[in-house]
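This report concerns only the one structure given below.
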Protein chains: 2
Amino acid sequence: MPTRVAPPDPAYLTVQRWLREGITQGRWRVGDRLPSEAELVAQFGLSRMTVNRALTELHAQGLVRRVKGSGSFVAPLERLAATLQVRDVHEQIAERGHVHQAQVLALDRQTPPPAVAAALQLRKGGTAFYSQLLHLDNGVPLQVESRWVHPARAPQYLKQDFGQVTPTAYLLQVAPLVGAEVQIEAALAQPHEARLLGLSDAQPCLVVQRLTHSHEGPVSWVRLVHPGDRYVLQGKVTT
Amino acid sequence: MPTRVAPPDPAYLTVQRWLREGITQGRWRVGDRLPSEAELVAQFGLSRMTVNRALTELHAQGLVRRVKGSGSFVAPLERLAATLQVRDVHEQIAERGHVHQAQVLALDRQTPPPAVAAALQLRKGGTAFYSQLLHLDNGVPLQVESRWVHPARAPQYLKQDFGQVTPTAYLLQVAPLVGAEVQIEAALAQPHEARLLGLSDAQPCLVVQRLTHSHEGPVSWVRLVHPGDRYVLQGKVTT
DNA sequence: CAGTGGTCTAGACCACTAC
DNA sequence: TAGTGGTCTAGACCACTGA
């Protein structure tokens, strides 16, 4: 078996890494002008299209601000706010090597509360699909998922077996996602949620509410309740 | 004054939008093969570099999977996780048009708890700068910020007036940020935090903990405690 | 083998900025 | 006006895939 040789980095990545390191090491500080494309062409012996690609990608990543007619500058870092991911509970549990189970507590058609009806843009008095699941991590209750689904976006919703595939995964398949709004807060669980999670009423919970959109319009409104002592949202920022 | 004419979209954006709409409207579903670069070249009458740019950017955005020798495919959407921002409290308050004030409750040098000392990679028994601030939104307590700062990263930290500039903004200036780890949970405030926020002990709080890194190493560890009924993290997902 | 995407070149024209 | 970035072309060579 021949030795695996690492392929050499593309030239545009070499330029990119050189600029990136100069920025993080303080050679250029916020607001400073970076070398122009022409200077980089001369320095690295590449074509302009290649160094342009390096700079264009750094711009897309938010590290560099480019001004036509003026130059490329180190972007202000305040914009590089922390972003953190809100992911499907099944993935989160599986990633830890734990067993995920889901109990389907409700799956039917109901009249949603007015706020939900408005978010889903339902006709006045219209109904929607409703599901409630309890997600278990190695048998321990981790999340109560209460979800309203716009009937037109997922007509077969009620026929699914959500013990096997999570509603999140199913909806992503049938209603291509184009956006979402997420809201995270700390609150007390509602009494029946607390009972399902095995909590006393007074325990703080992390509550995630999310409204997803497909191209056709709102798809689903969901409320995820997690016991505060068993669930932590983790995130990383990498410039 | 002449009428402002909208500049025409670049050609690569036209191709990109055409592909993007085909995907969200279901013309191609997850896993389907998209037209090859050569086909797009023929269809749009552009050079290969231009359609390549359109596809490369869609790939960078996670919408498309590209396989050398095989083709471009619609990427599985499960990867499109929600990301949300954790921002400087001053910006958040100012954005709502409210008045932000900060009371400096502590600003000195102390011995940090072992977990913090480890996170900041301090020598055994070493000390660090400590600050504690109470942030007010229109006079109402919104956040208790307890922060430990590595002395080598911001030697002038104790001389700052944090009633004027938040520690977050100051540290971003003096210690270029290259990454961070964030953790969000729901928990009860510690007794003295609850007192500062004007809460009864039993109220749930949204607690954000964050460790920031500069190129030289760890900069700061911070714990932000917010009353659950006065603070919500908002986020958006856009594909 | 033909077809695919990954990368790169050496030009080009344009709109914009700063002097 | 000289320099900058934004875009585009018409080629090219390569590594890889699938029939």
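So you can find residues: chains in the structure tokens are A, B, ... in the order shown, residues in each start at 1, and ligands are numbered from 1 in order.
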At a cut-off of 9 Å, using only C-alpha atoms (C1' of nucleotides), what residues contact segment 206-214 of chain B? Leave out same-chain residues fewer than 6 positions from it and give the result as a ChimeraX atom specification. /A:24-25,184-187,206,237 /B:86,119-120,153,175-189,220-228,231-232
Contact residues around Val30 of chain A with only C-alpha atoms (C1' of nucleotides) at 12 Å, ignoring same-chain residues under 4 positions, as number ranges by chain: A: 22-26, 34, 63-65, 72-79; B: 172-177
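Residues lying within 9 Å of segment 1-6 of chain D, counting only C-alpha atoms (C1' of nucleotides) and ignoring same-chain neighbours fewer than 3 positions away, are A:Ser36, A:Glu37, A:Asn52, A:Arg66, A:Val67, A:Lys68, A:Gly69, A:Ser70, A:Gly71, A:Ser72, C:DC14, C:DA15, C:DC16, C:DT17, C:DA18, C:DC19.
Going from atom CA of Glu145 of chain B over to atom CA of Leu122 of chain B, you cover 21.0 Å.
When chain B is laid over chain A and all C-alpha atoms are paired one by one, the RMSD comes to 0.5 Å.
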List the spatial neighbours of Tyr130 of chain A as a list in words - criterion: any atom at most 12 Å away, only C-alpha atoms (C1' of nucleotides), same-chain residues fewer than 5 positions off excluded. Val104, Leu105, Ala106, Leu107, Asp108, Arg109, Gln110, Thr111, Pro112, Pro113, Val116, Ala117, Glu145, Ser146, Arg147, Trp148, Val149, His150, Pro151, Ala154, Tyr157, Leu158, Pro167, Ser220, Trp221, Val222 and Arg223 of chain A
Out of segment 14-213 of chain B, which residues get helix (DSSP H, G or I) from DSSP, as a ChimeraX atom specification? /B:14-24,37-44,48-60,77-79,89-95,114-119,157-159,167-174,191-197
Using the selection just defined, write its residues with C-alpha atoms as an mmCIF file, in the first residue's frame.
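In the end it all went to out-v6.cif:
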```cif
data_model
loop_
_atom_site.group_PDB
_atom_site.id
_atom_site.type_symbol
_atom_site.label_atom_id
_atom_site.label_comp_id
_atom_site.auth_asym_id
_atom_site.auth_seq_id
_atom_site.Cartn_x
_atom_site.Cartn_y
_atom_site.Cartn_z
ATOM 1 C CA THR B 14 -28.793 35.094 -12.076
ATOM 2 C CA VAL B 15 -27.649 31.492 -12.385
ATOM 3 C CA GLN B 16 -27.550 31.140 -8.622
ATOM 4 C CA ARG B 17 -31.062 32.446 -8.183
ATOM 5 C CA TRP B 18 -32.362 30.148 -10.914
ATOM 6 C CA LEU B 19 -30.836 27.107 -9.218
ATOM 7 C CA ARG B 20 -31.923 28.221 -5.754
ATOM 8 C CA GLU B 21 -35.510 28.672 -6.861
ATOM 9 C CA GLY B 22 -35.509 25.316 -8.590
ATOM 10 C CA ILE B 23 -34.414 23.742 -5.333
ATOM 11 C CA THR B 24 -36.857 25.507 -3.011
ATOM 12 C CA GLU B 37 -21.481 23.267 -15.454
ATOM 13 C CA ALA B 38 -21.294 22.568 -19.179
ATOM 14 C CA GLU B 39 -25.094 22.485 -19.452
ATOM 15 C CA LEU B 40 -25.424 25.759 -17.588
ATOM 16 C CA VAL B 41 -22.786 27.312 -19.814
ATOM 17 C CA ALA B 42 -24.836 26.345 -22.869
ATOM 18 C CA GLN B 43 -28.134 27.403 -21.332
ATOM 19 C CA PHE B 44 -27.072 30.837 -20.086
ATOM 20 C CA ARG B 48 -17.545 28.135 -17.359
ATOM 21 C CA MET B 49 -15.780 30.255 -14.716
ATOM 22 C CA THR B 50 -18.949 32.241 -14.203
ATOM 23 C CA VAL B 51 -21.313 29.313 -13.713
ATOM 24 C CA ASN B 52 -18.616 27.676 -11.613
ATOM 25 C CA ARG B 53 -18.715 30.654 -9.281
ATOM 26 C CA ALA B 54 -22.477 30.340 -8.941
ATOM 27 C CA LEU B 55 -22.204 26.673 -7.980
ATOM 28 C CA THR B 56 -19.171 27.122 -5.745
ATOM 29 C CA GLU B 57 -21.000 29.725 -3.679
ATOM 30 C CA LEU B 58 -24.084 27.542 -3.378
ATOM 31 C CA HIS B 59 -21.747 24.854 -2.113
ATOM 32 C CA ALA B 60 -20.210 27.210 0.440
ATOM 33 C CA LEU B 77 -31.089 19.969 4.385
ATOM 34 C CA GLU B 78 -30.557 18.540 7.863
ATOM 35 C CA ARG B 79 -27.292 20.381 7.939
ATOM 36 C CA VAL B 89 -25.723 43.928 25.792
ATOM 37 C CA HIS B 90 -25.176 47.586 25.014
ATOM 38 C CA GLU B 91 -25.988 47.047 21.335
ATOM 39 C CA GLN B 92 -29.088 45.045 22.157
ATOM 40 C CA ILE B 93 -30.472 47.745 24.400
ATOM 41 C CA ALA B 94 -29.526 50.605 22.113
ATOM 42 C CA GLU B 95 -31.109 48.844 19.167
ATOM 43 C CA PRO B 114 -10.295 26.631 39.976
ATOM 44 C CA ALA B 115 -12.566 26.047 36.972
ATOM 45 C CA VAL B 116 -12.037 29.597 35.767
ATOM 46 C CA ALA B 117 -8.299 29.471 36.415
ATOM 47 C CA ALA B 118 -8.119 26.337 34.306
ATOM 48 C CA ALA B 119 -10.166 27.843 31.487
ATOM 49 C CA TYR B 157 -8.196 46.458 32.233
ATOM 50 C CA LEU B 158 -8.542 47.805 35.766
ATOM 51 C CA LYS B 159 -8.044 51.423 34.639
ATOM 52 C CA PRO B 167 -15.952 45.223 28.927
ATOM 53 C CA THR B 168 -16.978 43.281 25.824
ATOM 54 C CA ALA B 169 -16.322 46.245 23.542
ATOM 55 C CA TYR B 170 -13.077 47.116 25.316
ATOM 56 C CA LEU B 171 -11.689 43.607 25.136
ATOM 57 C CA LEU B 172 -12.568 43.269 21.456
ATOM 58 C CA GLN B 173 -10.377 46.291 20.847
ATOM 59 C CA VAL B 174 -7.315 45.287 22.825
ATOM 60 C CA PRO B 191 -28.641 34.586 45.841
ATOM 61 C CA HIS B 192 -26.626 37.767 45.433
ATOM 62 C CA GLU B 193 -27.336 37.847 41.705
ATOM 63 C CA ALA B 194 -31.049 37.491 42.411
ATOM 64 C CA ARG B 195 -30.827 40.382 44.860
ATOM 65 C CA LEU B 196 -29.131 42.594 42.279
ATOM 66 C CA LEU B 197 -31.733 41.743 39.646
#
```
With 8 Å as the cut-off and only C-alpha atoms (C1' of nucleotides) counted, what is the closest atom pair between each nearby residue of chain D and chain B? Distances in Å to one decimal, ordered by chain and number, as CSV.
```
residue,atom,partner,partner_atom,distance
D:DT7,C1',B:Pro10,CA,7.3
D:DC8,C1',B:Thr50,CA,7.1
D:DT9,C1',B:Ser47,CA,6.1
D:DA10,C1',B:Ser47,CA,7.5
D:DA15,C1',B:Lys68,CA,7.9
D:DC16,C1',B:Gly69,CA,4.8
D:DT17,C1',B:Gly69,CA,4.4
D:DG18,C1',B:Ser70,CA,7.8
```
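Among the candidate residues B:Pro141, B:Gly217, B:Gly235, B:Pro35, the one lying nearest to chain C is B:Pro35, with distances computed using only C-alpha atoms (C1' of nucleotides).
As for atom CA of Val99 of chain A and atom CA of Leu136 of chain A, they are spaced 7.9 Å apart.
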Can you pull out the residues contacting Leu84 of chain A? Cut-off 7 Å, using only C-alpha atoms (C1' of nucleotides), and skip same-chain residues under 6 positions away; I want them as a compact mmCIF listing (two decimals) with N, CA, C and O atoms, in the first residue's frame.
```txt
# COMPACT_ATOMS: atom_id res chain seq x y z
N GLN A 234 -24.80 24.54 23.47
CA GLN A 234 -23.39 24.82 23.30
C GLN A 234 -23.17 25.50 21.95
O GLN A 234 -23.85 25.20 20.99
N GLY A 235 -22.21 26.35 21.88
CA GLY A 235 -21.91 26.99 20.61
C GLY A 235 -20.44 27.32 20.50
O GLY A 235 -19.74 27.36 21.51
N LYS A 236 -20.00 27.53 19.31
CA LYS A 236 -18.62 27.91 19.09
C LYS A 236 -18.59 29.08 18.13
O LYS A 236 -19.41 29.17 17.23
N THR B 83 -28.71 29.20 13.52
CA THR B 83 -27.65 29.84 14.26
C THR B 83 -28.20 31.12 14.86
O THR B 83 -29.03 31.78 14.27
N LEU B 84 -27.78 31.42 16.05
CA LEU B 84 -28.27 32.66 16.63
C LEU B 84 -27.14 33.40 17.31
O LEU B 84 -26.15 32.83 17.73
N GLN B 85 -27.31 34.68 17.40
CA GLN B 85 -26.22 35.53 17.82
C GLN B 85 -26.30 35.87 19.30
O GLN B 85 -27.36 36.09 19.85
```
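Here atom CA of Arg33 of chain B stands at a distance of 27.9 Å from atom CA of Leu13 of chain A.
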DSSP on the backbone, strand (DSSP E) only: what residues of segment 56-177 of chain A does that give? Format it as a PyMOL selection string. chain A and resi 64-67+71-74+82-86+100-110+128-137+140-149+177
Residue hits in chain C, query chain B, radius 10 Å, only C-alpha atoms (C1' of nucleotides), as a short mmCIF file (atom, residue, chain, number, x, y, z; two decimals) with N, CA and C atoms (P, O5', C5', C4', C3', O3' and C1' of nucleotides), in the first residue's frame:
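The result, stored in part.cif:
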```cif
data_model
loop_
_atom_site.label_atom_id
_atom_site.label_comp_id
_atom_site.auth_asym_id
_atom_site.auth_seq_id
_atom_site.Cartn_x
_atom_site.Cartn_y
_atom_site.Cartn_z
P DG C 3 -18.87 13.15 -23.76
"O5'" DG C 3 -19.02 13.49 -22.21
"C5'" DG C 3 -19.90 12.70 -21.42
"C4'" DG C 3 -19.76 13.11 -19.97
"C3'" DG C 3 -19.80 14.62 -19.73
"O3'" DG C 3 -20.79 14.90 -18.77
"C1'" DG C 3 -17.94 13.63 -18.63
P DT C 4 -21.01 16.43 -18.26
"O5'" DT C 4 -20.24 16.52 -16.88
"C5'" DT C 4 -20.74 15.79 -15.75
"C4'" DT C 4 -19.73 15.89 -14.65
"C3'" DT C 4 -19.40 17.31 -14.23
"O3'" DT C 4 -20.31 17.75 -13.27
"C1'" DT C 4 -17.46 15.89 -14.30
P DG C 5 -20.38 19.29 -12.93
"O5'" DG C 5 -19.17 19.49 -11.92
"C5'" DG C 5 -19.22 18.85 -10.66
"C4'" DG C 5 -17.84 18.84 -10.03
"C3'" DG C 5 -17.37 20.20 -9.49
"O3'" DG C 5 -16.69 19.99 -8.27
"C1'" DG C 5 -15.82 19.38 -11.05
P DG C 6 -15.89 21.19 -7.51
"O5'" DG C 6 -14.40 20.94 -8.02
"C5'" DG C 6 -13.52 20.14 -7.24
"C4'" DG C 6 -12.14 20.76 -7.22
"C3'" DG C 6 -12.14 22.25 -6.82
"O3'" DG C 6 -11.01 22.49 -5.98
"C1'" DG C 6 -11.22 22.00 -8.98
#
```
